[in-house]
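Novice: Dropping in run-v4.csv, which is CSV, N, CA and C atoms:
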chain,number,residue,atom,x,y,z
E,1,ASP,N,126.9,51.8,188.6
E,1,ASP,CA,127.7,51.4,189.7
E,1,ASP,C,128.6,52.6,190.1
E,2,TYR,N,128.8,52.7,191.4
E,2,TYR,CA,129.6,53.8,191.9
E,2,TYR,C,130.1,53.5,193.3
E,3,LEU,N,131.2,54.1,193.7
E,3,LEU,CA,131.7,54.0,195.1
E,3,LEU,C,131.2,55.2,195.8
E,4,LEU,N,130.8,55.0,197.1
E,4,LEU,CA,130.3,56.2,197.8
E,4,LEU,C,131.0,56.2,199.2
E,5,TYR,N,131.5,57.4,199.5
E,5,TYR,CA,132.2,57.7,200.8
E,5,TYR,C,131.3,58.7,201.5
E,6,VAL,N,131.0,58.4,202.7
E,6,VAL,CA,130.4,59.4,203.6
E,6,VAL,C,131.3,59.7,204.8
E,7,PRO,N,131.4,61.0,205.1
E,7,PRO,CA,132.4,61.3,206.2
E,7,PRO,C,132.0,60.9,207.6
E,8,PRO,N,132.9,60.7,208.5
E,8,PRO,CA,132.6,60.4,209.9
E,8,PRO,C,131.6,61.4,210.4
E,9,GLY,N,130.6,61.0,211.1
E,9,GLY,CA,129.7,61.9,211.7
E,9,GLY,C,128.5,62.2,210.8
E,10,TYR,N,128.5,61.6,209.6
E,10,TYR,CA,127.4,61.9,208.6
E,10,TYR,C,126.1,61.6,209.2
E,11,ALA,N,125.9,60.4,209.8
E,11,ALA,CA,124.6,60.0,210.3
E,11,ALA,C,124.2,60.6,211.6
E,12,ALA,N,125.2,61.3,212.3
E,12,ALA,CA,124.9,61.9,213.6
E,12,ALA,C,123.9,63.0,213.6
E,13,ASP,N,123.9,63.8,212.5
E,13,ASP,CA,123.0,64.9,212.3
E,13,ASP,C,122.3,64.9,211.0
E,14,PRO,N,121.1,64.3,210.9
E,14,PRO,CA,120.4,64.1,209.6
E,14,PRO,C,120.1,65.5,208.9
E,15,ALA,N,120.0,66.5,209.7
E,15,ALA,CA,119.6,67.8,209.2
E,15,ALA,C,120.8,68.5,208.6
E,16,LYS,N,122.0,68.1,208.9
E,16,LYS,CA,123.2,68.8,208.4
E,16,LYS,C,123.4,68.5,206.9
E,17,ARG,N,123.7,69.6,206.2
E,17,ARG,CA,123.9,69.5,204.7
E,17,ARG,C,125.4,69.3,204.5
E,18,TRP,N,125.8,68.4,203.7
E,18,TRP,CA,127.2,68.1,203.4
E,18,TRP,C,127.5,68.4,201.9
E,19,PRO,N,128.7,68.9,201.6
E,19,PRO,CA,129.1,69.1,200.3
E,19,PRO,C,129.3,67.7,199.6
E,20,LEU,N,129.1,67.7,198.3
E,20,LEU,CA,129.2,66.5,197.5
E,20,LEU,C,130.2,66.7,196.4
E,21,VAL,N,131.2,65.8,196.3
E,21,VAL,CA,132.2,65.8,195.2
E,21,VAL,C,131.9,64.6,194.3
E,22,LEU,N,131.8,64.9,193.1
E,22,LEU,CA,131.5,63.8,192.1
E,22,LEU,C,132.9,63.6,191.3
E,23,PHE,N,133.5,62.5,191.6
E,23,PHE,CA,134.8,62.2,191.0
E,23,PHE,C,134.6,61.4,189.7
E,24,LEU,N,135.0,61.9,188.6
E,24,LEU,CA,135.0,61.2,187.3
E,24,LEU,C,136.4,60.7,186.9
E,25,HIS,N,136.6,59.4,186.9
E,25,HIS,CA,137.9,58.9,186.5
E,25,HIS,C,138.2,59.0,185.1
E,26,GLY,N,139.5,58.7,184.8
E,26,GLY,CA,139.9,58.7,183.4
E,26,GLY,C,139.6,57.5,182.6
E,27,ALA,N,140.0,57.4,181.3
E,27,ALA,CA,139.6,56.4,180.4
E,27,ALA,C,140.1,55.0,180.9
E,28,GLY,N,141.2,55.0,181.6
E,28,GLY,CA,141.8,53.7,182.0
E,28,GLY,C,141.0,52.9,183.0
E,29,GLU,N,140.1,53.6,183.7
E,29,GLU,CA,139.3,52.9,184.8
E,29,GLU,C,137.9,52.5,184.3
E,30,ARG,N,137.6,52.7,183.0
E,30,ARG,CA,136.3,52.3,182.5
E,30,ARG,C,136.2,50.7,182.7
E,31,GLY,N,134.9,50.3,182.7
E,31,GLY,CA,134.7,48.9,182.7
E,31,GLY,C,133.6,48.5,183.7
E,32,SER,N,133.8,47.2,184.2
E,32,SER,CA,132.8,46.7,185.2
E,32,SER,C,133.4,46.3,186.5
E,33,GLU,N,134.7,46.5,186.6
E,33,GLU,CA,135.4,46.2,187.9
E,33,GLU,C,135.4,47.5,188.7
E,34,LEU,N,134.5,47.7,189.6
E,34,LEU,CA,134.3,48.9,190.3
E,34,LEU,C,135.5,49.4,191.1
E,35,GLN,N,136.3,48.4,191.6
E,35,GLN,CA,137.5,48.8,192.4
E,35,GLN,C,138.6,49.5,191.5
E,36,LYS,N,138.5,49.4,190.2
E,36,LYS,CA,139.4,50.2,189.4
E,36,LYS,C,139.3,51.7,189.6
E,37,VAL,N,138.1,52.1,190.0
E,37,VAL,CA,137.8,53.5,190.2
E,37,VAL,C,138.7,54.1,191.3
E,38,ALA,N,139.1,53.2,192.3
E,38,ALA,CA,139.9,53.6,193.4
E,38,ALA,C,141.4,53.6,193.2
E,39,VAL,N,141.8,53.6,191.9
E,39,VAL,CA,143.2,53.5,191.6
E,39,VAL,C,143.9,54.9,191.7
E,40,HIS,N,143.1,55.9,191.4
E,40,HIS,CA,143.6,57.3,191.4
E,40,HIS,C,142.7,58.2,192.2
E,41,GLY,N,143.2,59.4,192.5
E,41,GLY,CA,142.4,60.5,193.0
E,41,GLY,C,141.8,60.3,194.4
E,42,PRO,N,140.7,61.0,194.7
E,42,PRO,CA,140.1,60.9,196.1
E,42,PRO,C,139.7,59.5,196.4
E,43,PRO,N,139.2,58.6,195.5
E,43,PRO,CA,138.8,57.3,196.0
E,43,PRO,C,140.0,56.5,196.4
E,44,LYS,N,141.2,56.7,195.8
E,44,LYS,CA,142.4,56.1,196.3
E,44,LYS,C,142.8,56.5,197.7
E,45,LEU,N,142.6,57.8,197.9
E,45,LEU,CA,143.0,58.3,199.3
E,45,LEU,C,142.0,57.7,200.3
E,46,VAL,N,140.7,57.6,200.0
E,46,VAL,CA,139.8,57.0,200.9
E,46,VAL,C,140.1,55.6,201.2
E,47,LYS,N,140.5,54.9,200.1
E,47,LYS,CA,140.9,53.5,200.3
E,47,LYS,C,142.1,53.3,201.2
E,48,GLN,N,143.0,54.4,201.2
E,48,GLN,CA,144.2,54.4,202.1
E,48,GLN,C,143.9,54.9,203.5
E,49,GLY,N,142.6,55.2,203.8
E,49,GLY,CA,142.2,55.6,205.1
E,49,GLY,C,142.0,57.1,205.3
E,50,ARG,N,142.2,57.9,204.3
E,50,ARG,CA,142.0,59.3,204.4
E,50,ARG,C,140.6,59.7,204.6
E,51,GLU,N,140.3,60.7,205.5
E,51,GLU,CA,139.0,61.1,205.8
E,51,GLU,C,138.8,62.5,205.1
E,52,PHE,N,137.6,62.8,204.6
E,52,PHE,CA,137.3,64.0,204.0
E,52,PHE,C,136.0,64.6,204.7
E,53,PRO,N,135.8,65.9,204.6
E,53,PRO,CA,134.6,66.6,205.2
E,53,PRO,C,133.5,66.7,204.1
E,54,PHE,N,133.4,65.8,203.2
E,54,PHE,CA,132.4,65.8,202.2
E,54,PHE,C,132.0,64.4,201.8
E,55,ILE,N,130.9,64.3,201.1
E,55,ILE,CA,130.5,63.0,200.5
E,55,ILE,C,131.2,62.9,199.2
E,56,LEU,N,131.7,61.7,198.9
E,56,LEU,CA,132.4,61.5,197.6
E,56,LEU,C,131.7,60.4,196.8
E,57,ALA,N,131.2,60.7,195.7
E,57,ALA,CA,130.6,59.7,194.8
E,57,ALA,C,131.5,59.5,193.6
E,58,SER,N,131.8,58.3,193.3
E,58,SER,CA,132.8,57.9,192.3
E,58,SER,C,132.2,56.9,191.4
E,59,PRO,N,131.4,57.3,190.3
E,59,PRO,CA,130.8,56.3,189.4
E,59,PRO,C,131.9,55.8,188.5
E,60,GLN,N,131.5,54.6,187.8
E,60,GLN,CA,132.4,54.0,186.8
E,60,GLN,C,131.7,54.1,185.5
E,61,CYS,N,132.4,54.6,184.5
E,61,CYS,CA,132.0,54.6,183.1
E,61,CYS,C,132.1,53.3,182.5
E,62,PRO,N,131.1,52.7,181.8
E,62,PRO,CA,131.2,51.4,181.2
E,62,PRO,C,132.3,51.4,180.1
E,63,GLU,N,132.8,50.2,179.9
E,63,GLU,CA,133.8,50.0,178.8
E,63,GLU,C,133.2,50.5,177.5
E,64,ASN,N,134.1,51.1,176.7
E,64,ASN,CA,133.8,51.6,175.3
E,64,ASN,C,132.7,52.7,175.3
E,65,GLN,N,132.5,53.4,176.4
E,65,GLN,CA,131.6,54.5,176.5
E,65,GLN,C,132.2,55.8,177.0
E,66,VAL,N,131.5,56.9,176.9
E,66,VAL,CA,132.0,58.1,177.5
E,66,VAL,C,131.0,58.5,178.6
E,67,TRP,N,131.4,59.5,179.4
E,67,TRP,CA,130.4,59.9,180.4
E,67,TRP,C,129.2,60.5,179.8
E,68,ASP,N,128.0,60.0,180.4
E,68,ASP,CA,126.7,60.4,179.9
E,68,ASP,C,126.1,61.5,180.8
E,69,ASP,N,125.9,62.7,180.3
E,69,ASP,CA,125.4,63.8,181.2
E,69,ASP,C,124.1,63.4,181.9
E,70,ALA,N,123.2,62.8,181.2
E,70,ALA,CA,121.9,62.5,181.8
E,70,ALA,C,122.1,61.5,182.9
E,71,ALA,N,122.9,60.5,182.7
E,71,ALA,CA,123.1,59.5,183.7
E,71,ALA,C,123.8,60.1,185.0
E,72,LEU,N,124.7,61.0,184.8
E,72,LEU,CA,125.4,61.6,185.9
E,72,LEU,C,124.4,62.5,186.7
E,73,ILE,N,123.6,63.2,186.0
E,73,ILE,CA,122.6,64.1,186.6
E,73,ILE,C,121.6,63.2,187.4
E,74,ALA,N,121.2,62.0,186.8
E,74,ALA,CA,120.3,61.1,187.5
E,74,ALA,C,120.9,60.6,188.8
E,75,LEU,N,122.3,60.3,188.7
E,75,LEU,CA,123.0,59.9,189.9
E,75,LEU,C,123.0,61.0,191.0
E,76,LEU,N,123.2,62.2,190.6
E,76,LEU,CA,123.2,63.3,191.5
E,76,LEU,C,121.8,63.5,192.2
E,77,ASP,N,120.8,63.4,191.3
E,77,ASP,CA,119.4,63.5,191.8
E,77,ASP,C,119.1,62.3,192.9
E,78,GLN,N,119.6,61.1,192.6
E,78,GLN,CA,119.4,60.0,193.4
E,78,GLN,C,120.1,60.2,194.8
E,79,LEU,N,121.4,60.7,194.7
E,79,LEU,CA,122.1,60.9,195.9
E,79,LEU,C,121.5,62.0,196.8
E,80,GLN,N,121.1,63.0,196.1
E,80,GLN,CA,120.5,64.2,196.8
E,80,GLN,C,119.2,63.8,197.5
E,81,ALA,N,118.4,62.8,196.9
E,81,ALA,CA,117.2,62.4,197.5
E,81,ALA,C,117.4,61.4,198.7
E,82,SER,N,118.6,60.8,198.8
E,82,SER,CA,118.9,59.9,199.8
E,82,SER,C,119.1,60.5,201.2
With the file now loaded, output its structure as structure tokens.
Specialist:
Amino acid sequence: DYLLYVPPGYAADPAKRWPLVLFLHGAGERGSELQKVAVHGPPKLVKQGREFPFILASPQCPENQVWDDAALIALLDQLQAS
């Protein structure tokens, strides 16, 4: 599970390449309540209405786990293919 922000104008030019920021939250936001991810950092700013000139992917690490490199790379591959 992850939050995804795409900037205004993203769909206007399908050929345009956009930078991607992968935001990894801290230990306090782990779990299965995805909205916890938007408590800090860029997802919080997006929630407050801030616009960015990049795509922002904010996955949530499951409870009692740590970030898994293979899962993050798979997410990046999935996003890049979209």
Novice: Just give me the gap between atom N of E:Ile73 and atom CA of E:Ile55 in Å, one decimal is fine.
Specialist: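 That distance, rounded to one decimal, is 16.1 Å.
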Novice: So the first atom is atom CA of E:His25 and the second is atom CA of E:Asp1; what is the distance between them in Å, to one decimal place?
Specialist: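 If I compute the distance from atom CA of E:His25 to atom CA of E:Asp1, I get 13.1 Å.
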Novice: What gap, in Å, lies between atom C of E:Gln60 and atom N of E:Leu72?
Specialist: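 Atom-to-atom, atom C of E:Gln60 and atom N of E:Leu72 are spaced 9.9 Å apart.
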Novice: Using only C-alpha atoms, find the one residue out of E:Tyr10, E:Tyr5, E:Ala57, E:Arg50 that sits nearest to E:Phe23.
Specialist: E:Ala57
Novice: Which residues in chain E does DSSP call helix (DSSP H, G or I)? List them as a compact mmCIF listing (two decimals) with N, CA and C atoms, keeping the file's coordinate frame.
Specialist:
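This went into out.txt:
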# COMPACT_ATOMS: atom_id res chain seq x y z
N TYR E 10 128.50 61.60 209.60
CA TYR E 10 127.40 61.90 208.60
C TYR E 10 126.10 61.60 209.20
N ALA E 11 125.90 60.40 209.80
CA ALA E 11 124.60 60.00 210.30
C ALA E 11 124.20 60.60 211.60
N ALA E 12 125.20 61.30 212.30
CA ALA E 12 124.90 61.90 213.60
C ALA E 12 123.90 63.00 213.60
N ALA E 27 140.00 57.40 181.30
CA ALA E 27 139.60 56.40 180.40
C ALA E 27 140.10 55.00 180.90
N GLY E 28 141.20 55.00 181.60
CA GLY E 28 141.80 53.70 182.00
C GLY E 28 141.00 52.90 183.00
N GLU E 29 140.10 53.60 183.70
CA GLU E 29 139.30 52.90 184.80
C GLU E 29 137.90 52.50 184.30
N LEU E 34 134.50 47.70 189.60
CA LEU E 34 134.30 48.90 190.30
C LEU E 34 135.50 49.40 191.10
N GLN E 35 136.30 48.40 191.60
CA GLN E 35 137.50 48.80 192.40
C GLN E 35 138.60 49.50 191.50
N LYS E 36 138.50 49.40 190.20
CA LYS E 36 139.40 50.20 189.40
C LYS E 36 139.30 51.70 189.60
N VAL E 37 138.10 52.10 190.00
CA VAL E 37 137.80 53.50 190.20
C VAL E 37 138.70 54.10 191.30
N ALA E 38 139.10 53.20 192.30
CA ALA E 38 139.90 53.60 193.40
C ALA E 38 141.40 53.60 193.20
N VAL E 39 141.80 53.60 191.90
CA VAL E 39 143.20 53.50 191.60
C VAL E 39 143.90 54.90 191.70
N GLY E 41 143.20 59.40 192.50
CA GLY E 41 142.40 60.50 193.00
C GLY E 41 141.80 60.30 194.40
N PRO E 42 140.70 61.00 194.70
CA PRO E 42 140.10 60.90 196.10
C PRO E 42 139.70 59.50 196.40
N PRO E 43 139.20 58.60 195.50
CA PRO E 43 138.80 57.30 196.00
C PRO E 43 140.00 56.50 196.40
N LYS E 44 141.20 56.70 195.80
CA LYS E 44 142.40 56.10 196.30
C LYS E 44 142.80 56.50 197.70
N LEU E 45 142.60 57.80 197.90
CA LEU E 45 143.00 58.30 199.30
C LEU E 45 142.00 57.70 200.30
N VAL E 46 140.70 57.60 200.00
CA VAL E 46 139.80 57.00 200.90
C VAL E 46 140.10 55.60 201.20
N LYS E 47 140.50 54.90 200.10
CA LYS E 47 140.90 53.50 200.30
C LYS E 47 142.10 53.30 201.20
N ASP E 69 125.90 62.70 180.30
CA ASP E 69 125.40 63.80 181.20
C ASP E 69 124.10 63.40 181.90
N ALA E 70 123.20 62.80 181.20
CA ALA E 70 121.90 62.50 181.80
C ALA E 70 122.10 61.50 182.90
N ALA E 71 122.90 60.50 182.70
CA ALA E 71 123.10 59.50 183.70
C ALA E 71 123.80 60.10 185.00
N LEU E 72 124.70 61.00 184.80
CA LEU E 72 125.40 61.60 185.90
C LEU E 72 124.40 62.50 186.70
N ILE E 73 123.60 63.20 186.00
CA ILE E 73 122.60 64.10 186.60
C ILE E 73 121.60 63.20 187.40
N ALA E 74 121.20 62.00 186.80
CA ALA E 74 120.30 61.10 187.50
C ALA E 74 120.90 60.60 188.80
N LEU E 75 122.30 60.30 188.70
CA LEU E 75 123.00 59.90 189.90
C LEU E 75 123.00 61.00 191.00
N LEU E 76 123.20 62.20 190.60
CA LEU E 76 123.20 63.30 191.50
C LEU E 76 121.80 63.50 192.20
N ASP E 77 120.80 63.40 191.30
CA ASP E 77 119.40 63.50 191.80
C ASP E 77 119.10 62.30 192.90
N GLN E 78 119.60 61.10 192.60
CA GLN E 78 119.40 60.00 193.40
C GLN E 78 120.10 60.20 194.80
N LEU E 79 121.40 60.70 194.70
CA LEU E 79 122.10 60.90 195.90
C LEU E 79 121.50 62.00 196.80
N GLN E 80 121.10 63.00 196.10
CA GLN E 80 120.50 64.20 196.80
C GLN E 80 119.20 63.80 197.50
N ALA E 81 118.40 62.80 196.90
CA ALA E 81 117.20 62.40 197.50
C ALA E 81 117.40 61.40 198.70
Novice: What parts of chain E does DSSP call strand (DSSP E or B)? I'd like the answer as a PyMOL selection string.
Specialist: chain E and resi 2-5+20-22+55-59
Novice: Taking (136.5, 58.6, 181.7) as a centre in this file's frame and 9 Å as the limit, can you find every polymer residue with an atom that close, using only C-alpha atoms, and give them as a ChimeraX atom specification?
Specialist: /E:24-30,60-62,65-67
Novice: Write out as a ChimeraX atom specification which residues come within 10 Å of E:Pro53 when counting only C-alpha atoms, dropping same-chain ones fewer than 3 positions away.
Specialist: /E:6-10,18-20,56
Novice: Compare E:Ala12, E:Leu3, E:Glu33, E:Gln78 by their minimum atom-to-atom distance to E:Glu63, counting all atoms listed in the file, and give me the closest one.
Specialist: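 Counting all atoms listed in the file, the residue closest to E:Glu63 is E:Glu33.
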Novice: N, CA, C and O atoms are needed for stretch 28-40 of chain E; please write them out as a PDB file, keeping the file's coordinate frame.
Specialist:
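As a result, rebuild32.pdb now contains:
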ATOM      1  N   GLY E  28     141.200  55.000 181.600  1.00  0.00           N
ATOM      2  CA  GLY E  28     141.800  53.700 182.000  1.00  0.00           C
ATOM      3  C   GLY E  28     141.000  52.900 183.000  1.00  0.00           C
ATOM      4  O   GLY E  28     141.272  51.738 183.255  1.00  0.00           O
ATOM      5  N   GLU E  29     140.100  53.600 183.700  1.00  0.00           N
ATOM      6  CA  GLU E  29     139.300  52.900 184.800  1.00  0.00           C
ATOM      7  C   GLU E  29     137.900  52.500 184.300  1.00  0.00           C
ATOM      8  O   GLU E  29     137.122  52.102 185.129  1.00  0.00           O
ATOM      9  N   ARG E  30     137.600  52.700 183.000  1.00  0.00           N
ATOM     10  CA  ARG E  30     136.300  52.300 182.500  1.00  0.00           C
ATOM     11  C   ARG E  30     136.200  50.700 182.700  1.00  0.00           C
ATOM     12  O   ARG E  30     137.128  50.014 182.762  1.00  0.00           O
ATOM     13  N   GLY E  31     134.900  50.300 182.700  1.00  0.00           N
ATOM     14  CA  GLY E  31     134.700  48.900 182.700  1.00  0.00           C
ATOM     15  C   GLY E  31     133.600  48.500 183.700  1.00  0.00           C
ATOM     16  O   GLY E  31     132.690  49.222 183.963  1.00  0.00           O
ATOM     17  N   SER E  32     133.800  47.200 184.200  1.00  0.00           N
ATOM     18  CA  SER E  32     132.800  46.700 185.200  1.00  0.00           C
ATOM     19  C   SER E  32     133.400  46.300 186.500  1.00  0.00           C
ATOM     20  O   SER E  32     132.765  45.644 187.288  1.00  0.00           O
ATOM     21  N   GLU E  33     134.700  46.500 186.600  1.00  0.00           N
ATOM     22  CA  GLU E  33     135.400  46.200 187.900  1.00  0.00           C
ATOM     23  C   GLU E  33     135.400  47.500 188.700  1.00  0.00           C
ATOM     24  O   GLU E  33     136.340  48.349 188.534  1.00  0.00           O
ATOM     25  N   LEU E  34     134.500  47.700 189.600  1.00  0.00           N
ATOM     26  CA  LEU E  34     134.300  48.900 190.300  1.00  0.00           C
ATOM     27  C   LEU E  34     135.500  49.400 191.100  1.00  0.00           C
ATOM     28  O   LEU E  34     135.819  50.560 191.225  1.00  0.00           O
ATOM     29  N   GLN E  35     136.300  48.400 191.600  1.00  0.00           N
ATOM     30  CA  GLN E  35     137.500  48.800 192.400  1.00  0.00           C
ATOM     31  C   GLN E  35     138.600  49.500 191.500  1.00  0.00           C
ATOM     32  O   GLN E  35     139.457  50.133 192.091  1.00  0.00           O
ATOM     33  N   LYS E  36     138.500  49.400 190.200  1.00  0.00           N
ATOM     34  CA  LYS E  36     139.400  50.200 189.400  1.00  0.00           C
ATOM     35  C   LYS E  36     139.300  51.700 189.600  1.00  0.00           C
ATOM     36  O   LYS E  36     140.217  52.419 189.348  1.00  0.00           O
ATOM     37  N   VAL E  37     138.100  52.100 190.000  1.00  0.00           N
ATOM     38  CA  VAL E  37     137.800  53.500 190.200  1.00  0.00           C
ATOM     39  C   VAL E  37     138.700  54.100 191.300  1.00  0.00           C
ATOM     40  O   VAL E  37     139.097  55.237 191.328  1.00  0.00           O
ATOM     41  N   ALA E  38     139.100  53.200 192.300  1.00  0.00           N
ATOM     42  CA  ALA E  38     139.900  53.600 193.400  1.00  0.00           C
ATOM     43  C   ALA E  38     141.400  53.600 193.200  1.00  0.00           C
ATOM     44  O   ALA E  38     142.201  53.619 194.111  1.00  0.00           O
ATOM     45  N   VAL E  39     141.800  53.600 191.900  1.00  0.00           N
ATOM     46  CA  VAL E  39     143.200  53.500 191.600  1.00  0.00           C
ATOM     47  C   VAL E  39     143.900  54.900 191.700  1.00  0.00           C
ATOM     48  O   VAL E  39     145.080  54.994 191.963  1.00  0.00           O
ATOM     49  N   HIS E  40     143.100  55.900 191.400  1.00  0.00           N
ATOM     50  CA  HIS E  40     143.600  57.300 191.400  1.00  0.00           C
ATOM     51  C   HIS E  40     142.700  58.200 192.200  1.00  0.00           C
ATOM     52  O   HIS E  40     141.571  57.898 192.475  1.00  0.00           O
TER      53      HIS E  40
END
